[in-house]
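Here's work.csv, which has CSV, C-alpha atoms:
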```csv
chain,number,residue,atom,x,y,z
J,1,MET,CA,3.6,34.9,57.5
J,2,SER,CA,6.3,32.4,56.8
J,3,SER,CA,5.3,29.6,54.4
J,4,VAL,CA,5.5,26.0,55.5
J,5,HIS,CA,9.2,24.7,55.4
J,6,GLU,CA,10.5,28.2,54.5
J,7,ILE,CA,14.1,28.6,55.6
J,8,VAL,CA,14.8,32.1,56.8
J,9,ARG,CA,18.3,33.4,57.3
J,10,PHE,CA,19.0,36.5,59.4
J,11,THR,CA,22.2,38.2,58.2
J,12,ASN,CA,24.4,41.1,59.2
J,13,CYS,CA,23.4,40.6,62.8
J,14,ASN,CA,24.8,40.2,66.3
J,15,ILE,CA,23.0,37.4,68.2
J,16,VAL,CA,22.8,37.0,71.9
J,17,ARG,CA,24.3,33.6,72.9
J,18,ASP,CA,26.0,32.6,76.1
J,19,GLY,CA,25.7,36.0,77.6
J,20,LYS,CA,27.6,37.7,74.7
J,21,LEU,CA,27.0,39.2,71.3
J,22,LYS,CA,28.2,36.9,68.6
J,23,ARG,CA,28.6,37.9,65.0
J,24,GLU,CA,26.7,35.0,63.4
J,25,ASP,CA,23.8,34.4,61.1
J,26,LEU,CA,20.6,33.0,62.6
J,27,TRP,CA,18.6,30.3,60.7
J,28,ILE,CA,14.9,29.5,61.2
J,29,ARG,CA,12.7,26.8,59.9
J,30,ASP,CA,9.2,25.7,61.0
J,31,GLY,CA,9.2,28.2,63.8
J,32,ARG,CA,12.4,26.9,65.4
J,33,ILE,CA,16.0,28.0,65.3
J,34,ILE,CA,18.1,25.5,63.4
J,35,ASP,CA,21.7,24.4,62.9
J,36,PRO,CA,22.6,25.3,59.3
J,37,GLN,CA,25.3,22.6,59.0
J,38,PRO,CA,23.0,19.7,58.3
J,39,LEU,CA,21.0,21.9,56.0
J,40,PHE,CA,24.1,22.5,53.9
J,41,PHE,CA,25.8,19.2,53.9
J,42,GLN,CA,23.0,16.6,54.3
J,43,GLU,CA,20.0,18.3,52.6
J,44,GLN,CA,22.1,20.5,50.3
J,45,ARG,CA,19.7,23.4,50.8
J,46,ARG,CA,20.0,27.1,51.3
J,47,GLU,CA,17.7,29.8,52.7
J,48,THR,CA,14.5,30.6,50.8
J,49,ARG,CA,14.5,34.1,52.3
J,50,SER,CA,17.0,36.4,54.0
J,51,ILE,CA,16.6,39.3,56.4
J,52,ASP,CA,19.3,41.9,56.7
J,53,CYS,CA,19.5,43.2,60.3
J,54,HIS,CA,21.8,46.1,59.3
J,55,ASP,CA,24.3,45.4,62.1
J,56,GLY,CA,21.6,45.2,64.7
J,57,ILE,CA,21.1,42.8,67.6
J,58,VAL,CA,19.0,39.7,67.6
J,59,ALA,CA,17.9,38.6,71.1
J,60,PRO,CA,15.2,36.2,72.5
J,61,GLY,CA,11.8,37.8,72.7
J,62,PHE,CA,11.1,39.7,76.0
J,63,ILE,CA,9.0,38.0,78.7
J,64,ASP,CA,7.2,40.3,81.1
J,65,VAL,CA,6.1,38.3,84.2
J,66,GLN,CA,4.4,41.2,86.0
J,67,ILE,CA,2.2,43.6,84.0
J,68,ASN,CA,-1.1,44.9,85.4
J,69,GLY,CA,-2.4,46.3,82.1
J,70,ALA,CA,-1.6,49.1,79.7
J,71,TYR,CA,-3.1,51.5,77.1
J,72,GLY,CA,-6.2,52.0,79.2
J,73,TYR,CA,-6.9,48.3,79.8
J,74,ASP,CA,-6.6,46.8,83.2
J,75,PHE,CA,-6.6,43.1,84.2
J,76,SER,CA,-8.3,43.5,87.6
J,77,SER,CA,-11.0,46.1,87.3
J,78,SER,CA,-13.7,44.7,85.0
J,79,PRO,CA,-14.4,41.0,84.5
J,80,ASP,CA,-16.8,41.8,81.7
J,81,THR,CA,-14.0,43.2,79.5
J,82,ILE,CA,-11.1,41.0,80.5
J,83,VAL,CA,-10.9,39.2,77.2
J,84,GLU,CA,-10.8,42.5,75.3
J,85,SER,CA,-8.2,43.8,77.7
J,86,LEU,CA,-6.0,40.8,77.1
J,87,CYS,CA,-6.3,41.0,73.4
J,88,GLN,CA,-5.6,44.7,73.2
J,89,VAL,CA,-2.6,44.6,75.5
J,90,ALA,CA,-1.2,41.5,73.9
J,91,LYS,CA,-1.3,43.1,70.5
J,92,ARG,CA,0.4,46.3,71.5
J,93,LEU,CA,3.1,44.6,73.5
J,94,LEU,CA,4.6,43.3,70.2
J,95,ALA,CA,5.9,46.8,69.5
J,96,HIS,CA,7.9,46.6,72.6
J,97,GLY,CA,9.6,43.3,71.8
J,98,VAL,CA,7.4,41.4,74.3
J,99,THR,CA,6.6,37.9,72.9
J,100,SER,CA,5.2,36.4,76.2
J,101,PHE,CA,3.6,37.9,79.3
J,102,CYS,CA,1.9,37.1,82.6
J,103,PRO,CA,-1.2,39.2,83.1
J,104,THR,CA,-1.1,40.3,86.7
J,105,VAL,CA,-4.2,40.5,88.8
J,106,VAL,CA,-3.7,42.6,92.0
J,107,THR,CA,-5.4,42.1,95.3
J,108,SER,CA,-9.2,41.8,94.6
J,109,SER,CA,-12.4,40.3,96.0
J,110,ALA,CA,-13.0,36.6,95.7
J,111,GLU,CA,-15.9,37.4,93.3
J,112,THR,CA,-13.5,39.2,91.0
J,113,TYR,CA,-11.0,36.3,91.0
J,114,HIS,CA,-13.8,33.8,90.3
J,115,ALA,CA,-15.1,35.9,87.4
J,116,VAL,CA,-11.7,36.9,85.8
J,117,LEU,CA,-9.4,33.8,86.2
J,118,PRO,CA,-11.4,31.4,84.1
J,119,GLN,CA,-11.3,33.8,81.2
J,120,ILE,CA,-7.5,34.1,81.2
J,121,LYS,CA,-6.1,31.2,79.2
J,122,ARG,CA,-2.6,30.4,78.1
J,123,THR,CA,-2.0,31.2,74.5
J,124,VAL,CA,0.8,30.5,72.0
J,125,GLY,CA,1.1,34.0,70.6
J,126,GLY,CA,1.4,35.2,67.0
J,127,ARG,CA,0.2,38.1,64.9
J,128,ASP,CA,-2.7,38.7,67.1
J,129,GLY,CA,-0.5,39.3,70.1
J,130,ALA,CA,2.1,38.2,72.6
J,131,ALA,CA,1.6,34.7,74.2
J,132,VAL,CA,-0.1,34.6,77.6
J,133,ALA,CA,2.3,32.6,79.8
J,134,GLY,CA,-0.1,32.2,82.7
J,135,VAL,CA,-1.5,34.5,85.3
J,136,HIS,CA,0.5,36.3,88.0
J,137,LEU,CA,-1.7,36.6,91.2
J,138,GLU,CA,-0.3,39.4,93.3
J,139,GLY,CA,-2.3,39.2,96.5
J,140,PRO,CA,-4.4,38.9,98.6
J,141,PHE,CA,-2.2,36.8,100.9
J,142,ILE,CA,0.2,39.7,101.6
J,143,SER,CA,1.1,41.9,104.5
J,144,LYS,CA,-1.2,44.9,105.3
J,145,GLU,CA,1.9,46.6,106.6
J,146,LYS,CA,3.5,46.4,103.1
J,147,LYS,CA,0.4,46.7,101.0
J,148,GLY,CA,1.7,49.4,98.7
J,149,ALA,CA,-1.1,50.3,96.3
J,150,HIS,CA,-3.3,47.3,97.1
J,151,LEU,CA,-6.7,47.8,98.7
J,152,GLU,CA,-6.5,46.8,102.4
J,153,GLU,CA,-10.2,45.7,102.5
J,154,PHE,CA,-9.4,42.7,100.2
J,155,ILE,CA,-6.1,41.7,101.8
J,156,TRP,CA,-6.2,38.4,103.8
J,157,ASN,CA,-7.0,39.2,107.4
J,158,SER,CA,-4.4,37.3,109.4
J,159,GLU,CA,-5.9,38.5,112.7
J,160,THR,CA,-9.3,36.9,112.2
J,161,ASN,CA,-8.0,33.8,110.3
J,162,GLU,CA,-5.8,31.4,112.2
J,163,ARG,CA,-3.7,30.2,109.2
J,164,VAL,CA,-3.7,30.1,105.4
J,165,ASN,CA,-4.4,26.6,104.0
J,166,MET,CA,-5.0,25.3,100.5
J,167,GLN,CA,-8.7,25.4,101.0
J,168,ASP,CA,-8.5,29.1,101.7
J,169,VAL,CA,-6.5,29.6,98.5
J,170,GLU,CA,-8.9,27.7,96.3
J,171,ALA,CA,-11.9,29.4,97.9
J,172,CYS,CA,-10.3,32.8,97.2
J,173,TYR,CA,-9.1,32.3,93.6
J,174,GLY,CA,-11.3,29.5,92.3
J,175,ASP,CA,-9.7,28.2,89.0
J,176,LEU,CA,-5.9,28.0,89.2
J,177,SER,CA,-5.3,26.0,86.1
J,178,ASN,CA,-3.8,28.9,84.2
J,179,THR,CA,-1.9,30.4,87.1
J,180,SER,CA,1.9,30.6,86.8
J,181,ILE,CA,2.9,32.8,89.8
J,182,ILE,CA,1.4,33.7,93.1
J,183,THR,CA,2.9,36.4,95.3
J,184,VAL,CA,2.6,35.8,99.1
J,185,ALA,CA,4.0,37.2,102.3
J,186,PRO,CA,5.9,34.3,103.9
J,187,GLU,CA,5.4,35.6,107.5
J,188,LEU,CA,1.6,35.0,107.3
J,189,ASN,CA,0.6,32.1,109.5
J,190,GLY,CA,0.4,29.0,107.4
J,191,LEU,CA,2.8,30.2,104.7
J,192,GLY,CA,5.9,30.0,106.8
J,193,ASP,CA,5.8,26.2,106.9
J,194,CYS,CA,6.6,24.0,103.9
J,195,SER,CA,3.2,22.4,103.4
J,196,MET,CA,1.4,25.4,101.8
J,197,ILE,CA,4.3,26.4,99.5
J,198,ARG,CA,5.0,22.9,98.4
J,199,GLN,CA,1.4,22.3,97.5
J,200,LEU,CA,1.5,25.3,95.2
J,201,CYS,CA,4.8,24.1,93.7
J,202,ASP,CA,3.3,20.7,93.1
J,203,ARG,CA,0.8,22.4,90.9
J,204,GLU,CA,3.7,23.9,88.9
J,205,ILE,CA,2.9,27.4,90.3
J,206,THR,CA,5.9,29.6,91.1
J,207,VAL,CA,5.7,31.0,94.6
J,208,SER,CA,7.0,34.5,94.8
J,209,LEU,CA,7.7,36.5,98.0
J,210,GLY,CA,6.6,40.1,98.1
J,211,HIS,CA,4.5,42.8,99.8
J,212,SER,CA,6.0,41.4,102.9
J,213,ALA,CA,7.5,42.4,106.3
J,214,ALA,CA,9.3,39.1,106.6
J,215,ASN,CA,12.7,38.9,108.2
J,216,LEU,CA,15.6,37.0,106.6
J,217,ALA,CA,15.0,33.8,108.5
J,218,GLU,CA,11.4,33.7,107.4
J,219,ALA,CA,12.4,34.4,103.8
J,220,LYS,CA,15.1,31.7,103.8
J,221,ARG,CA,12.6,29.1,105.2
J,222,ALA,CA,10.2,30.0,102.4
J,223,VAL,CA,12.8,29.5,99.7
J,224,ASP,CA,14.0,26.3,101.2
J,225,CYS,CA,10.3,25.1,101.0
J,226,GLY,CA,10.2,25.9,97.3
J,227,ALA,CA,9.6,29.7,96.8
J,228,ARG,CA,11.7,30.8,93.7
J,229,PHE,CA,11.0,34.5,93.1
J,230,ILE,CA,10.9,37.9,94.8
J,231,THR,CA,8.3,40.3,93.6
J,232,HIS,CA,9.7,43.8,92.7
J,233,LEU,CA,12.8,43.8,94.9
J,234,PHE,CA,13.2,46.8,97.3
J,235,ASN,CA,9.5,47.8,96.9
J,236,ALA,CA,6.8,46.9,99.4
J,237,MET,CA,9.2,45.0,101.7
J,238,VAL,CA,11.3,45.7,104.8
J,239,PRO,CA,14.2,47.9,103.8
J,240,PHE,CA,17.7,46.4,103.9
J,241,HIS,CA,19.2,46.6,107.4
J,242,HIS,CA,22.7,45.4,108.3
J,243,ARG,CA,21.4,43.2,111.2
J,244,ASP,CA,18.4,41.8,109.3
J,245,PRO,CA,18.3,42.4,105.5
J,246,GLY,CA,14.9,40.9,105.1
J,247,LEU,CA,14.0,39.6,101.6
J,248,VAL,CA,16.9,41.5,100.1
J,249,GLY,CA,19.3,39.2,102.0
J,250,LEU,CA,18.2,36.3,99.8
J,251,LEU,CA,20.4,37.6,97.0
J,252,THR,CA,23.5,36.5,98.8
J,253,THR,CA,22.2,33.6,100.9
J,254,ARG,CA,19.9,31.8,98.5
J,255,GLN,CA,21.2,32.3,95.0
J,256,SER,CA,18.8,29.9,93.4
J,257,VAL,CA,16.1,32.6,93.8
J,258,PHE,CA,15.1,35.0,91.0
J,259,TYR,CA,14.1,38.5,91.8
J,260,GLY,CA,12.1,41.2,89.9
J,261,ILE,CA,13.3,44.7,89.4
J,262,ILE,CA,11.1,47.6,88.1
J,263,ALA,CA,13.8,49.5,86.2
J,264,ASP,CA,11.7,52.6,85.3
J,265,GLY,CA,13.9,55.3,87.0
J,266,VAL,CA,11.3,55.7,89.7
J,267,HIS,CA,10.8,52.5,91.7
J,268,THR,CA,14.5,51.7,92.2
J,269,ASP,CA,17.5,54.0,92.3
J,270,MET,CA,20.4,53.3,90.0
J,271,ALA,CA,22.7,52.5,93.0
J,272,ALA,CA,20.3,49.9,94.3
J,273,VAL,CA,19.9,48.3,90.9
J,274,HIS,CA,23.7,48.1,90.5
J,275,LEU,CA,24.1,46.6,94.0
J,276,ALA,CA,21.4,43.9,93.4
J,277,TYR,CA,22.7,42.9,89.9
J,278,HIS,CA,26.3,42.6,90.9
J,279,SER,CA,25.3,40.6,94.0
J,280,HIS,CA,23.3,38.0,92.0
J,281,ARG,CA,23.6,38.6,88.2
J,282,HIS,CA,21.8,35.4,87.0
J,283,GLY,CA,18.7,35.9,89.1
J,284,LEU,CA,17.6,39.3,87.9
J,285,VAL,CA,14.3,39.4,86.0
J,286,LEU,CA,13.3,42.8,84.6
J,287,ILE,CA,9.5,43.5,85.0
J,288,SER,CA,7.5,46.5,83.8
J,289,ASP,CA,4.9,46.3,86.5
J,290,ALA,CA,3.0,48.5,84.0
J,291,MET,CA,-0.5,49.6,84.9
J,292,ALA,CA,-3.5,50.7,82.8
J,293,ALA,CA,-2.1,54.1,82.2
J,294,ALA,CA,1.1,52.9,80.6
J,295,GLY,CA,1.2,54.2,77.1
J,296,LEU,CA,-1.5,56.8,77.6
J,297,GLY,CA,0.4,59.9,78.8
J,298,MET,CA,-0.4,62.2,81.7
J,299,GLY,CA,-3.7,62.3,83.6
J,300,ARG,CA,-6.0,60.2,85.9
J,301,HIS,CA,-6.5,56.5,85.1
J,302,GLN,CA,-7.7,53.3,86.7
J,303,LEU,CA,-5.8,50.4,88.3
J,304,GLY,CA,-8.2,47.8,89.5
J,305,PRO,CA,-10.7,49.6,91.8
J,306,MET,CA,-8.2,52.4,92.4
J,307,SER,CA,-7.7,55.8,90.8
J,308,VAL,CA,-4.1,56.7,89.8
J,309,ASP,CA,-2.4,59.8,88.5
J,310,ILE,CA,0.4,59.9,85.9
J,311,VAL,CA,2.6,62.9,86.6
J,312,GLU,CA,6.0,64.1,85.5
J,313,VAL,CA,8.4,64.9,88.3
J,314,GLY,CA,12.0,66.1,87.6
J,315,GLY,CA,11.7,64.7,84.0
J,316,VAL,CA,10.6,61.2,85.2
J,317,VAL,CA,7.1,59.9,84.7
J,318,ARG,CA,5.5,58.5,87.9
J,319,ALA,CA,2.2,56.7,88.6
J,320,THR,CA,0.8,57.5,92.0
J,321,LEU,CA,-2.4,56.8,93.9
J,322,SER,CA,-4.8,59.8,93.5
J,323,GLU,CA,-5.8,59.5,97.2
J,324,ARG,CA,-2.3,58.8,98.4
J,325,PRO,CA,0.1,60.7,96.0
J,326,GLU,CA,3.1,59.5,98.1
J,327,THR,CA,2.4,55.9,97.1
J,328,LEU,CA,3.5,54.5,93.8
J,329,ALA,CA,0.9,52.5,91.9
J,330,GLY,CA,2.9,50.5,89.4
J,331,SER,CA,4.9,51.9,86.5
J,332,ALA,CA,4.0,53.9,83.4
J,333,VAL,CA,6.6,52.4,81.1
J,334,MET,CA,6.9,49.2,79.1
J,335,LEU,CA,9.6,46.5,79.3
J,336,ASP,CA,11.8,47.7,76.5
J,337,HIS,CA,12.2,51.0,78.3
J,338,CYS,CA,13.2,49.1,81.4
J,339,VAL,CA,15.9,47.1,79.4
J,340,ARG,CA,17.4,50.4,78.2
J,341,TRP,CA,17.3,52.0,81.6
J,342,PHE,CA,18.8,48.9,83.3
J,343,TRP,CA,21.6,48.7,80.7
J,344,GLN,CA,22.7,52.3,81.6
J,345,ALA,CA,22.1,51.9,85.4
J,346,SER,CA,24.0,48.6,85.8
J,347,ARG,CA,26.9,49.3,83.4
J,348,CYS,CA,26.5,45.8,82.1
J,349,THR,CA,26.9,44.7,78.5
J,350,PRO,CA,24.0,44.9,76.0
J,351,ALA,CA,23.8,41.0,75.9
J,352,GLU,CA,23.7,40.9,79.7
J,353,ALA,CA,20.9,43.5,79.8
J,354,LEU,CA,18.9,41.6,77.2
J,355,GLU,CA,19.2,38.3,79.2
J,356,THR,CA,17.3,39.8,82.1
J,357,ALA,CA,14.2,40.3,79.9
J,358,GLY,CA,14.5,37.0,78.0
J,359,ALA,CA,16.6,34.2,79.3
J,360,HIS,CA,16.1,34.8,83.0
J,361,PRO,CA,12.2,35.1,83.0
J,362,ALA,CA,12.1,32.0,80.7
J,363,ARG,CA,14.1,30.0,83.3
J,364,LEU,CA,11.9,31.4,86.1
J,365,LEU,CA,8.7,30.2,84.4
J,366,GLY,CA,10.2,26.9,83.2
J,367,LEU,CA,9.7,27.8,79.5
J,368,LYS,CA,12.2,25.3,78.2
J,369,LYS,CA,11.9,26.3,74.5
J,370,LYS,CA,12.1,30.1,75.0
J,371,GLY,CA,14.6,32.6,76.2
J,372,SER,CA,17.5,31.4,74.1
J,373,LEU,CA,18.7,31.4,70.6
J,374,GLU,CA,20.3,27.9,70.7
J,375,PHE,CA,19.4,25.3,68.1
J,376,GLY,CA,16.0,23.8,68.6
J,377,MET,CA,14.5,26.7,70.5
J,378,ASP,CA,11.3,28.6,69.5
J,379,ALA,CA,12.1,31.4,67.2
J,380,ASP,CA,10.5,34.1,69.4
J,381,LEU,CA,12.9,37.0,69.0
J,382,VAL,CA,13.4,40.7,68.8
J,383,VAL,CA,15.7,42.7,66.5
J,384,LEU,CA,17.1,45.9,68.1
J,385,ASP,CA,19.5,48.6,67.1
J,386,ARG,CA,22.7,49.3,69.0
J,387,ASP,CA,20.8,51.5,71.4
J,388,LEU,CA,18.5,48.7,72.2
J,389,ASN,CA,15.5,50.2,70.5
J,390,VAL,CA,13.1,47.6,69.1
J,391,GLN,CA,13.1,47.3,65.3
J,392,ARG,CA,11.2,44.1,64.7
J,393,THR,CA,9.5,41.3,66.7
J,394,PHE,CA,9.0,37.7,65.7
J,395,ILE,CA,7.0,34.8,67.1
J,396,ALA,CA,7.7,31.3,65.9
J,397,GLY,CA,9.8,32.8,63.1
J,398,ASP,CA,6.9,35.0,61.8
J,399,GLN,CA,7.3,38.8,61.9
J,400,VAL,CA,4.5,40.1,64.1
J,401,TRP,CA,5.6,43.7,64.4
J,402,PRO,CA,5.6,45.9,62.5
J,403,GLU,CA,2.6,44.4,60.6
J,404,VAL,CA,3.7,46.0,57.3
J,405,PRO,CA,7.4,45.3,57.1
J,406,GLU,CA,9.7,48.0,55.9
J,407,PRO,CA,12.0,47.1,52.9
J,408,MET,CA,14.8,45.4,54.9
J,409,GLU,CA,14.8,42.0,53.2
J,410,SER,CA,17.1,41.1,50.4
```
Target format structure tokens, applied to this file:
Amino acid sequence: MSSVHEIVRFTNCNIVRDGKLKREDLWIRDGRIIDPQPLFFQEQRRETRSIDCHDGIVAPGFIDVQINGAYGYDFSSSPDTIVESLCQVAKRLLAHGVTSFCPTVVTSSAETYHAVLPQIKRTVGGRDGAAVAGVHLEGPFISKEKKGAHLEEFIWNSETNERVNMQDVEACYGDLSNTSIITVAPELNGLGDCSMIRQLCDREITVSLGHSAANLAEAKRAVDCGARFITHLFNAMVPFHHRDPGLVGLLTTRQSVFYGIIADGVHTDMAAVHLAYHSHRHGLVLISDAMAAAGLGMGRHQLGPMSVDIVEVGGVVRATLSERPETLAGSAVMLDHCVRWFWQASRCTPAEALETAGAHPARLLGLKKKGSLEFGMDADLVVLDRDLNVQRTFIAGDQVWPEVPEPMES
């Protein structure tokens, strides 16, 4: 761990700034990125320690805004073990360059929400694990028609309930104080007007559109009311149609919106990823959508109350529902894998690919001190090789992975 007032200089590196790789040194003090000029000329000081990056890339730490669990731990299935699940996943995410994440709770019973949500607190992150940047609640106010892997019995019944109001939301979830994102289907009665979405926005909760059969008009109205994100674009929504492109049409009609992409080689074809990115570059947020079996290998595992199988088809690893093998159940890969796959699929530059996992999710969540290597920002960063493989992870300037550093420092 860095000592108080230690000045660390990253040398022989290519840092991500302004969407490009720049051959510059990076300076850190007291957990923040600093301008070295005042250090030289006013304080007349130099670094107390230097780190040689060996011509690698230094980028903002990755932020995963949609992850259901990993390594056998699930955020929805067992309230009694949720704290252990968070700690275990947070710790292991460091090896993948993830410095902040949003634990995602899928459609569940009200009893599960009331038991789980009070136990998920925002954290600052460090050697014990990546920071918890708030909960992502994916359901139950979604479309049964586009439920994907969600259990229908817990989805909001729009046939027996006249409209969704804030009392319904609070009764369902209970404690929302640590919630950052809620995914909803905007066509549900009560969500199509501005009142409901604005009330969530007033609580500084990001409203995301997903698991939805909404047409473009309904989607545009929701964005105009304050919705800012699309949950896993192309998946669990109306397919693009030239007469009514549905949620996908927001990429060209409402370019203030961000959109998630599961870039695992399974959920979204390379051509679709390429089309989305080149339609709206600055809105793309890579997500892992990882489920409990991510990192465990082949076999049968648990996602909330559902059983899923990890299988390899054509050289690609897929997570499918055991009872409905044609239905995908989240991904079996981590965010660093998604960054590398997206880089190849989109034919963008390494810096542009890295921004989709750092700068863009930070802007989505309103994390003003993260997602950038500009002066004054938090020194949450990842060091990668030129193939975008993670070499080191830092939070607040401290190396958090690997725990026992290899001899790279001079």
Which residue is closest to Glu187 of chain J? Choose from J:Gln119, J:Asn215, J:Thr320, J:Thr356 and count only C-alpha atoms. J:Asn215
Against segment 135-151 of chain J, which residues of segment 79-114 of chain J fall within 8 Å? For each one I want the closest pair of atoms and the distance in Å (one decimal), counting all atoms listed in the file, rows by chain and increasing residue number, as CSV.
```
residue,atom,partner,partner_atom,distance
J:Cys102,CA,J:Val135,CA,5.1
J:Pro103,CA,J:Val135,CA,5.2
J:Thr104,CA,J:His136,CA,4.5
J:Val105,CA,J:Leu137,CA,5.2
J:Val106,CA,J:Glu138,CA,4.8
J:Thr107,CA,J:Gly139,CA,4.4
J:Ser108,CA,J:Pro140,CA,6.9
```
Between J:Ala294, J:Asp64, J:Cys87, J:Asp289, which has the minimum distance to Thr123 of chain J (counting all atoms listed in the file)?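 Smallest distance to Thr123 of chain J is found for J:Cys87.
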One decimal, Å: what's the distance from atom CA of Val248 of chain J over to atom CA of Leu233 of chain J, could you say?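 Calculated distance between atom CA of Val248 of chain J and atom CA of Leu233 of chain J is 7.0 Å.
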Excluding segment 253-260 of chain J and residues on its chain fewer than 3 positions from it, collect all residues at most 9 Å away from it, counting all atoms listed in the file, and give them as a ChimeraX atom specification. /J:65-66,208,220,223-224,227-233,249-250,280,282-287,360-361,364
If we count all atoms listed in the file and set the cut-off at 8 Å, which residues sit around Glu6 of chain J, ignoring sequence neighbours fewer than 6 positions away in its own chain? Please answer as JSON, numbers by chain. {"J": [29, 30, 47, 48, 49]}
Taking all atoms listed in the file into account, name the residue in J:Asp168, J:Glu152, J:Asp25, J:Asp128 that is nearest to Leu373 of chain J.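 Once distances to Leu373 of chain J are computed over all atoms listed in the file, the minimum belongs to J:Asp25.
Residues lying within 10 Å of (25.1, 34.6, 67.8). Counted over all atoms listed in the file, they are Cys13, Asn14, Ile15, Val16, Arg17, Asp18, Gly19, Lys20, Leu21, Lys22, Arg23, Glu24, Asp25, Leu26, Ile57, Val58, Ala59, Leu373 and Glu374 of chain J.
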Computed interatomic separation between atom CA of His301 of chain J and atom CA of Gly125 of chain J (Å):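 These two atoms are separated by 27.8 Å.
For the pair atom CA of Phe234 of chain J and atom CA of Gly246 of chain J, the interatomic distance is 9.9 Å.
Taking only C-alpha atoms into account, Leu388 of chain J lies nearest to J:Arg340 out of the set J:Arg340, J:Arg221, J:His114, J:Arg324.
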Given all atoms listed in the file as the basis, pick out the residue of J:Gly190, J:Gly376, J:Pro239, J:Gly314 nearest to Leu216 of chain J.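 The answer is J:Pro239, which sits nearest to Leu216 of chain J.
With only the atoms specified (only C-alpha atoms) counting, those residues at most 9 Å away from (14.6, 54.1, 85.4) are Ile262, Ala263, Asp264, Gly265, Val266, His267, Thr268, Asp269, Met270, Val316, His337, Cys338, Arg340, Trp341, Phe342 and Ala345 of chain J.
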Nearest residue to Ile33 of chain J from the set J:Glu323, J:Asp378, J:Asp175, J:Asp309 (distances using all atoms listed in the file):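 Closest to Ile33 of chain J of all the choices is J:Asp378.
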Show me, as a ChimeraX atom specification, the residues that have an atom within 9 Å of Glu111 of chain J when counting all atoms listed in the file, minus same-chain residues fewer than 4 positions from it. /J:115-116,172-173
Name the residues in contact with Gln391 of chain J at a cut-off of 12 Å, using only C-alpha atoms, excluding same-chain residues fewer than 6 positions from it; report them as an NGL selection string. :J and (52-59 or 94-97 or 336 or 381-385 or 399-403 or 405-406 or 408)
Fix up segment 329-341 of chain J with N, CA and C atoms, then write it as a PDB file, in the coordinates of the input.
```
ATOM      1  N   ALA J 329       1.985  53.430  92.245  1.00  0.00           N
ATOM      2  CA  ALA J 329       0.900  52.500  91.900  1.00  0.00           C
ATOM      3  C   ALA J 329       1.286  51.700  90.634  1.00  0.00           C
ATOM      4  N   GLY J 330       2.490  51.192  90.601  1.00  0.00           N
ATOM      5  CA  GLY J 330       2.900  50.500  89.400  1.00  0.00           C
ATOM      6  C   GLY J 330       3.675  51.506  88.507  1.00  0.00           C
ATOM      7  N   SER J 331       4.152  51.039  87.376  1.00  0.00           N
ATOM      8  CA  SER J 331       4.900  51.900  86.500  1.00  0.00           C
ATOM      9  C   SER J 331       4.132  52.347  85.295  1.00  0.00           C
ATOM     10  N   ALA J 332       4.636  53.366  84.618  1.00  0.00           N
ATOM     11  CA  ALA J 332       4.000  53.900  83.400  1.00  0.00           C
ATOM     12  C   ALA J 332       4.779  53.663  82.179  1.00  0.00           C
ATOM     13  N   VAL J 333       5.704  52.690  82.235  1.00  0.00           N
ATOM     14  CA  VAL J 333       6.600  52.400  81.100  1.00  0.00           C
ATOM     15  C   VAL J 333       6.465  50.925  80.733  1.00  0.00           C
ATOM     16  N   MET J 334       6.981  50.574  79.530  1.00  0.00           N
ATOM     17  CA  MET J 334       6.900  49.200  79.100  1.00  0.00           C
ATOM     18  C   MET J 334       8.309  48.545  79.238  1.00  0.00           C
ATOM     19  N   LEU J 335       8.378  47.239  78.961  1.00  0.00           N
ATOM     20  CA  LEU J 335       9.600  46.500  79.300  1.00  0.00           C
ATOM     21  C   LEU J 335      10.797  46.887  78.491  1.00  0.00           C
ATOM     22  N   ASP J 336      10.634  47.287  77.237  1.00  0.00           N
ATOM     23  CA  ASP J 336      11.800  47.700  76.500  1.00  0.00           C
ATOM     24  C   ASP J 336      12.452  48.947  77.059  1.00  0.00           C
ATOM     25  N   HIS J 337      11.644  49.853  77.600  1.00  0.00           N
ATOM     26  CA  HIS J 337      12.200  51.000  78.300  1.00  0.00           C
ATOM     27  C   HIS J 337      13.013  50.560  79.510  1.00  0.00           C
ATOM     28  N   CYS J 338      12.504  49.569  80.245  1.00  0.00           N
ATOM     29  CA  CYS J 338      13.200  49.100  81.400  1.00  0.00           C
ATOM     30  C   CYS J 338      14.560  48.445  81.035  1.00  0.00           C
ATOM     31  N   VAL J 339      14.598  47.749  79.907  1.00  0.00           N
ATOM     32  CA  VAL J 339      15.900  47.100  79.400  1.00  0.00           C
ATOM     33  C   VAL J 339      16.890  48.236  79.189  1.00  0.00           C
ATOM     34  N   ARG J 340      16.485  49.285  78.498  1.00  0.00           N
ATOM     35  CA  ARG J 340      17.400  50.400  78.200  1.00  0.00           C
ATOM     36  C   ARG J 340      17.886  51.072  79.459  1.00  0.00           C
ATOM     37  N   TRP J 341      16.971  51.340  80.384  1.00  0.00           N
ATOM     38  CA  TRP J 341      17.300  52.000  81.600  1.00  0.00           C
ATOM     39  C   TRP J 341      18.268  51.149  82.461  1.00  0.00           C
TER      40      TRP J 341
END
```
